[in-house]
Amino acid sequence: MKNPINIELGLMHFKSLLKARREDDKRYIFDPIRKKWLVLQPEELVRQLVIHYLLEEKRYNPNRISLERGFTYNKRNKRFDLLVYDKKVNPFLLVECKAPQVPITQDAFEQAAWYNMEWKVQYLLVTNGLVSYCCAINYDNRSYEYLEAVPDFA
């Protein structure tokens, strides 16, 4: 990754907004976008913290957030973590979430970039909750630039 800028999202600040419960031997977390309880896995925790960050800190519209939707790329079934649409319902921000113990490497960015071939978003965010990188994509120049913050809702 060329000169990445680790942006501090302060995700743990949003931990108090999470709704969790235990049922039998499983722990669940409530997804405010899909309005359902999900099995609590490390990656899901990161995704839910990012959702609250986008809603509370960046004031993103919850009606413009899509989660874990499937799509086909190169004849393979794929699934993105989080896709935000702008006010004109164009793909705006693609978020790839990893579990906290998974390092954010070039491979993680390449995965998000491949997924983005389908969506052609303006911004790409990759995070494991501890380390987060966001970049703006310039399709005309076939380049990208790391940002110091996640963009506000457009």
# chains A, B, ... in the order shown; residues from 1 in each chain; ligands from 1
>>> residues_around(residues="Gln101 of chain A", least_positions_apart="4", cutoff="12 Å", atoms="only C-alpha atoms", output="PyMOL selection string")
chain A and resi 41-43+46+97+127-131
>>> select_by_dssp(residues="segment 38-126 of chain A", states="strand (DSSP E or B)", output="list in words")
Leu38, Val39, Ile65, Ser66, Leu67, Gly70, Phe71, Thr72, Tyr73, Arg76, Asn77, Lys78, Arg79, Leu82, Leu83, Val84, Tyr85, Pro91, Phe92, Leu93, Leu94, Val95, Glu96, Cys97, Tyr123, Leu124, Leu125 and Val126 of chain A
>>> write_last_selection(atoms="C-alpha atoms", output="PDB file, in the first residue's frame")
ATOM      1  CA  LEU A  38     -27.106 -11.760  14.106  1.00  0.00           C
ATOM      2  CA  VAL A  39     -24.628 -14.203  15.600  1.00  0.00           C
ATOM      3  CA  ILE A  65     -26.705   1.650   3.627  1.00  0.00           C
ATOM      4  CA  SER A  66     -26.736  -1.866   2.208  1.00  0.00           C
ATOM      5  CA  LEU A  67     -25.146  -4.792   4.038  1.00  0.00           C
ATOM      6  CA  GLY A  70     -24.297 -10.859  -2.919  1.00  0.00           C
ATOM      7  CA  PHE A  71     -23.124 -10.135  -6.433  1.00  0.00           C
ATOM      8  CA  THR A  72     -21.332 -12.001  -9.190  1.00  0.00           C
ATOM      9  CA  TYR A  73     -17.861 -11.011 -10.302  1.00  0.00           C
ATOM     10  CA  ARG A  76     -17.929 -16.054  -8.880  1.00  0.00           C
ATOM     11  CA  ASN A  77     -20.391 -15.281  -6.125  1.00  0.00           C
ATOM     12  CA  LYS A  78     -19.069 -12.538  -3.833  1.00  0.00           C
ATOM     13  CA  ARG A  79     -20.481 -10.553  -0.954  1.00  0.00           C
ATOM     14  CA  LEU A  82     -21.195  -2.558   3.513  1.00  0.00           C
ATOM     15  CA  LEU A  83     -22.112  -0.294   0.609  1.00  0.00           C
ATOM     16  CA  VAL A  84     -23.362   3.259   1.010  1.00  0.00           C
ATOM     17  CA  TYR A  85     -25.332   5.034  -1.699  1.00  0.00           C
ATOM     18  CA  PRO A  91     -22.658   3.807  -4.994  1.00  0.00           C
ATOM     19  CA  PHE A  92     -20.621   6.167  -2.826  1.00  0.00           C
ATOM     20  CA  LEU A  93     -18.585   4.267  -0.209  1.00  0.00           C
ATOM     21  CA  LEU A  94     -17.615   0.592  -0.094  1.00  0.00           C
ATOM     22  CA  VAL A  95     -16.509  -0.728   3.309  1.00  0.00           C
ATOM     23  CA  GLU A  96     -14.578  -3.962   3.805  1.00  0.00           C
ATOM     24  CA  CYS A  97     -14.537  -5.127   7.422  1.00  0.00           C
ATOM     25  CA  TYR A 123     -14.489   6.080  -1.653  1.00  0.00           C
ATOM     26  CA  LEU A 124     -13.154   2.835  -0.247  1.00  0.00           C
ATOM     27  CA  LEU A 125     -12.745   2.065   3.477  1.00  0.00           C
ATOM     28  CA  VAL A 126     -10.981  -1.012   4.843  1.00  0.00           C
TER      29      VAL A 126
END
>>> closest_residue(among="A:Asn141, A:Asn90, A:Gln48, A:Thr105", to="Ser16 of chain A", atoms="only C-alpha atoms")
A:Gln48
>>> residues_around(residues="segment 49-64 of chain A", least_positions_apart="2", cutoff="8 Å", atoms="only C-alpha atoms", output="PyMOL selection string")
chain A and resi 9+11-12+14-15+17-18+33+45-47+66+84-87+89+129+151-153
>>> atom_distance(atom1="atom CA of Leu147 of chain A", atom2="atom CA of Arg34 of chain A")
28.8 Å
>>> closest_residue(among="A:Val121, A:Ala149, A:Arg142, A:Glu44", to="Lys98 of chain A", atoms="only C-alpha atoms")
A:Glu44
>>> atom_distance(atom1="atom CA of Glu118 of chain A", atom2="atom CA of Ala99 of chain A")
23.7 Å
